[in-house]
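A quick write-up on the structure given underneath.
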Amino acid sequence: MKRVHVVGTYDTKGEELAYLAGLIRAQGLAVAEVDVGTREPATAVDVTAAEVAAFHPAGASAVLGLSDRGTAVAAMGEAFARFLASRHDVAAVIGLGGGGGTSIVTAGMRALPYGVPKLMVSTLASGDVAPYVDVSDIAFMPSVTDMVGLNGLSRVILHNAAQAIAGMARTPAVAGAGKPSLGLTMFGVTTTCVMAIVEKLKADYDCMVFHATGTGGRTMEKLADSGLLAGVLDITTTEVCDLLFGGVLPATQDRFGAIARTRLPYVGSVGALDMVNFWAVDTVPTAFKGRNLYRHNPNVTLMRTTAEECRQIGEWIGGRLNACEGEVRFLIPEKGVSALDIEGGAFFDPQADAALFDAIERTVTQTARRRIIRLPLHINDPAFAHAAAETFLSISN
């Protein structure tokens, strides 16, 4: 039986959590009250903190009884994430907490697939919650007051939260329903290409385009890991530049990891590997002040990658592609990798491009399933988009 999991530190917020759980039960939904506190709970729970802590790789002793609160919170968060990932009865998760509780509960929420309802009632909700949400679909609701006993306002907030999670849990949406979904990566300088690919494939596929801003690539790969994508057209791999050279929109070291793990049909390319992203021009590190910089807008400054940097980028990508054993095709547009990397453009640099292309081709171990394809085209040429779409169709059928 699926249940709404009500989660928090029952040692400090037991009264409020029990009240919230009662409101959800009154909606006719089954509830599991889960304690992630470190001391004795103030009210009865369905799942004790010791049961959750036992999911830590080092056992419950690595979570409970610690003198350092920060260490205990981090350890409980890891244990709770593993606990939730092991469950098959999660209809939805609602959490209640301050700083520590929010950190613990959202660590678990991030381990759940997209589409599972997740609502965090938090004292932190009106601030920067990016570290807690990351690339998940967690919804935040401000608690307004701190949760130190129930009061007239907190009862209203918890009532609204209960109604919201009950509505989400009662009629859940089905992720991935309809046409099979594709993940595509795009930047402003590769928009022409990606939009043309979407136009060619949208009749048969649900095309999900992700802005290649670090979080975009990670979100796409999380969807792949979650089994929600039928394939990937990773045209814009620019996040690797920021990872390697200190830009503000970086990938993680796990970039391409989901492709290796899932073996999804994959068509990749070198879109926007001619640039590293920084914020306003006065934020560019001093070491780069003499470089070829382009003001994309008042808040974003692009730096052209050098031939040596392109060599490193190509070798890094090639090494990651070698771990991919599914159908992989990596397309190289020999006449330029972005709207700026074109004859007469601000980042036109055939020498740097050649270093990139040669490094990829030299590093990748080509097989019948993993191939590099060079095309005498610019990445935004219609013929390149056509080739990318046709290449994907040839490996996905």
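For the structure tokens, the naming scheme is as follows: chains receive sequential letters (A, B, ...) according to their order of presentation, residues are indexed from 1 within each chain, and ligands are indexed from 1 in presentation order.
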
Do you know which residues are at most 9 Å from range 117-119 of chain A counting only C-alpha atoms, after dropping those on the same chain fewer than 2 positions away, and could you put them as a list in words?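 The neighbour list is Ala91, Ala92, Val93, Ile94, Gly95, Leu96, Thr106, Met109, Leu112, Tyr114, Gly115, Val121, Asp137, Ile138, Ala139, Phe140, Met141, Ala161, Ala164, Ile165, Met168, Ala169 and Pro172 of chain A.
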
Could you write those residues out with C-alpha atoms, as a compact mmCIF listing (two decimals), in the first residue's frame?
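Output contents, as saved in again.txt:
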# COMPACT_ATOMS: atom_id res chain seq x y z
CA ALA A 91 3.10 7.83 -2.56
CA ALA A 92 4.57 11.20 -1.59
CA VAL A 93 6.96 12.76 0.91
CA ILE A 94 6.29 15.84 3.00
CA GLY A 95 8.89 17.22 5.37
CA LEU A 96 8.92 19.84 8.09
CA THR A 106 15.67 16.98 1.13
CA MET A 109 13.76 13.58 -1.50
CA LEU A 112 13.44 9.77 -5.42
CA TYR A 114 10.95 12.74 -10.80
CA GLY A 115 7.19 12.87 -10.43
CA VAL A 121 7.74 23.04 4.72
CA ASP A 137 11.51 18.54 -8.35
CA ILE A 138 11.13 19.40 -4.66
CA ALA A 139 8.53 22.07 -3.86
CA PHE A 140 9.18 24.39 -0.90
CA MET A 141 6.59 26.07 1.31
CA ALA A 161 0.59 21.87 3.20
CA ALA A 164 -1.36 20.26 -1.19
CA ILE A 165 0.42 16.95 -0.61
CA MET A 168 -0.64 15.49 -5.35
CA ALA A 169 -0.66 12.00 -3.84
CA PRO A 172 -0.40 11.46 -9.29

Skip Thr102 in chain A itself and residues of its chain fewer than 3 positions away, then list as a PyMOL selection string all residues within 9 Å of it, counting only C-alpha atoms. chain A and resi 8+95-99+105-107+120-124+132

Show which residues sit within 7 Å of Val232 in chain A, as a ChimeraX atom specification. Count only C-alpha atoms, and ignore same-chain residues fewer than 4 positions away. /A:182-184,265-267

Written file, previous selection with C-alpha atoms, as a PDB file, in the first residue's frame:
ATOM      1  CA  LEU A 182      14.452  12.360 -25.775  1.00  0.00           C
ATOM      2  CA  GLY A 183      16.933  14.549 -23.941  1.00  0.00           C
ATOM      3  CA  LEU A 184      18.659  17.305 -25.944  1.00  0.00           C
ATOM      4  CA  PRO A 265      21.181   5.483 -27.837  1.00  0.00           C
ATOM      5  CA  TYR A 266      23.421   8.537 -27.824  1.00  0.00           C
ATOM      6  CA  VAL A 267      24.334  11.154 -30.409  1.00  0.00           C
TER       7      VAL A 267
END

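Distance-wise, CA of Gly319 in chain A and CA of Ser338 in chain A end up 22.8 Å apart.
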
I want to know what sits within 7 Å of Thr236 in chain A, based on only C-alpha atoms, with residues of the same chain fewer than 2 positions away left out; could you give that as number ranges by chain? A: 185-187, 212, 234, 238, 269-272

Filtering to N, CA and C atoms, could you give me those residues as a PDB file, in the first residue's frame?
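Final output, out36.pdb:
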ATOM      1  N   THR A 185      20.535  18.771 -25.426  1.00  0.00           N
ATOM      2  CA  THR A 185      21.203  19.894 -24.764  1.00  0.00           C
ATOM      3  C   THR A 185      21.392  21.041 -25.742  1.00  0.00           C
ATOM      4  N   MET A 186      21.153  22.252 -25.252  1.00  0.00           N
ATOM      5  CA  MET A 186      21.183  23.435 -26.118  1.00  0.00           C
ATOM      6  C   MET A 186      21.759  24.628 -25.363  1.00  0.00           C
ATOM      7  N   PHE A 187      22.413  25.512 -26.083  1.00  0.00           N
ATOM      8  CA  PHE A 187      22.863  26.815 -25.607  1.00  0.00           C
ATOM      9  C   PHE A 187      22.373  27.831 -26.628  1.00  0.00           C
ATOM     10  N   ALA A 212      22.211  24.083 -21.345  1.00  0.00           N
ATOM     11  CA  ALA A 212      23.488  23.507 -20.896  1.00  0.00           C
ATOM     12  C   ALA A 212      24.198  24.441 -19.918  1.00  0.00           C
ATOM     13  N   ASP A 234      23.005  14.874 -27.353  1.00  0.00           N
ATOM     14  CA  ASP A 234      23.806  15.751 -26.503  1.00  0.00           C
ATOM     15  C   ASP A 234      24.645  16.672 -27.394  1.00  0.00           C
ATOM     16  N   THR A 238      29.104  21.939 -23.707  1.00  0.00           N
ATOM     17  CA  THR A 238      29.912  23.064 -23.228  1.00  0.00           C
ATOM     18  C   THR A 238      30.188  23.046 -21.734  1.00  0.00           C
ATOM     19  N   SER A 269      27.860  15.824 -29.630  1.00  0.00           N
ATOM     20  CA  SER A 269      28.647  16.713 -30.476  1.00  0.00           C
ATOM     21  C   SER A 269      29.421  17.689 -29.594  1.00  0.00           C
ATOM     22  N   VAL A 270      30.038  18.652 -30.246  1.00  0.00           N
ATOM     23  CA  VAL A 270      30.991  19.559 -29.594  1.00  0.00           C
ATOM     24  C   VAL A 270      30.409  20.960 -29.432  1.00  0.00           C
ATOM     25  N   GLY A 271      29.093  21.064 -29.337  1.00  0.00           N
ATOM     26  CA  GLY A 271      28.455  22.367 -29.273  1.00  0.00           C
ATOM     27  C   GLY A 271      28.968  23.244 -28.151  1.00  0.00           C
ATOM     28  N   ALA A 272      29.394  24.465 -28.499  1.00  0.00           N
ATOM     29  CA  ALA A 272      29.848  25.501 -27.567  1.00  0.00           C
ATOM     30  C   ALA A 272      31.071  25.088 -26.747  1.00  0.00           C
TER      31      ALA A 272
END

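Between His159 in chain A and the residues A:Cys310, A:Ile372, A:Leu17, A:Leu233, the shortest atom-to-atom distance, using only C-alpha atoms, involves A:Leu17.
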
Output as a PyMOL selection string all residues of range 49-208 of chain A that backbone DSSP marks as helix (DSSP H, G or I). chain A and resi 49-53+60-62+69-85+99-109+130-133+152-170+188-201

For range 352-365 of chain A, work out the shell of residues within 8 Å, counting only C-alpha atoms and skipping chain neighbours fewer than 4 positions away, then give it as an NGL selection string. :A and (274 or 305-308 or 310-315 or 317-319 or 321-322 or 332 or 334 or 336-337 or 370 or 372)

Contacts of range 29-35 of chain A at 6 Å (only C-alpha atoms; same-chain gap of 4+ positions) as an NGL selection string: :A and (3-10 or 25 or 45-49)

Residues just named, written with N, CA and C atoms as a CSV table (one decimal), in the first residue's frame:
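In the end it all went to result-v3.csv:
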chain,number,residue,atom,x,y,z
A,3,ARG,N,1.9,5.0,0.8
A,3,ARG,CA,1.6,5.9,1.9
A,3,ARG,C,2.3,7.2,1.7
A,4,VAL,N,1.7,8.3,2.3
A,4,VAL,CA,2.4,9.6,2.3
A,4,VAL,C,3.4,9.5,3.5
A,5,HIS,N,4.6,9.8,3.2
A,5,HIS,CA,5.7,9.7,4.3
A,5,HIS,C,5.8,11.1,4.9
A,6,VAL,N,5.5,11.3,6.1
A,6,VAL,CA,5.6,12.5,6.9
A,6,VAL,C,6.9,12.4,7.6
A,7,VAL,N,7.9,13.3,7.3
A,7,VAL,CA,9.3,13.2,7.8
A,7,VAL,C,9.7,14.4,8.5
A,8,GLY,N,10.5,14.2,9.6
A,8,GLY,CA,11.1,15.3,10.3
A,8,GLY,C,11.7,14.8,11.6
A,9,THR,N,12.2,15.8,12.4
A,9,THR,CA,12.9,15.4,13.6
A,9,THR,C,11.9,15.4,14.7
A,10,TYR,N,11.4,14.3,15.0
A,10,TYR,CA,10.3,14.1,16.0
A,10,TYR,C,10.7,14.4,17.4
A,25,ARG,N,-4.2,12.2,7.1
A,25,ARG,CA,-5.1,11.0,7.3
A,25,ARG,C,-6.5,11.4,7.2
A,45,VAL,N,5.9,7.2,16.4
A,45,VAL,CA,6.2,7.2,15.0
A,45,VAL,C,6.0,5.8,14.4
A,46,ASP,N,6.0,5.7,13.1
A,46,ASP,CA,5.9,4.4,12.4
A,46,ASP,C,7.3,3.9,12.1
A,47,VAL,N,8.2,4.8,11.8
A,47,VAL,CA,9.6,4.4,11.5
A,47,VAL,C,10.5,5.2,12.4
A,48,THR,N,11.3,4.5,13.2
A,48,THR,CA,12.1,5.2,14.2
A,48,THR,C,13.4,5.7,13.6
A,49,ALA,N,14.0,6.6,14.2
A,49,ALA,CA,15.3,7.2,13.8
A,49,ALA,C,16.4,6.1,13.7

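Looking only at range 42-169 of chain A, the set that DSSP places in strand (DSSP E or B) from backbone geometry is Val47, Val90, Ala91, Ala92, Val93, Ile94, Gly95, Leu96, Gly97, Lys118, Leu119, Met120, Val121, Ser122, Ala139, Phe140, Met141 and Pro142 of chain A.
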
I'd like to know which of A:Arg110, A:Arg304, A:Arg291, A:Arg320 is closest to Gly345 in chain A, using only C-alpha atoms.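 Distance minimum relative to Gly345 in chain A lands on A:Arg304.
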
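The coordinates place CA of Ala42 in chain A at 5.1 Å from CA of Gly14 in chain A.
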
Can you work out the spacing between CA of Ser103 in chain A and CA of Ala79 in chain A in Å, to one decimal?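 Computing the Euclidean distance for CA of Ser103 in chain A and CA of Ala79 in chain A yields 12.2 Å.
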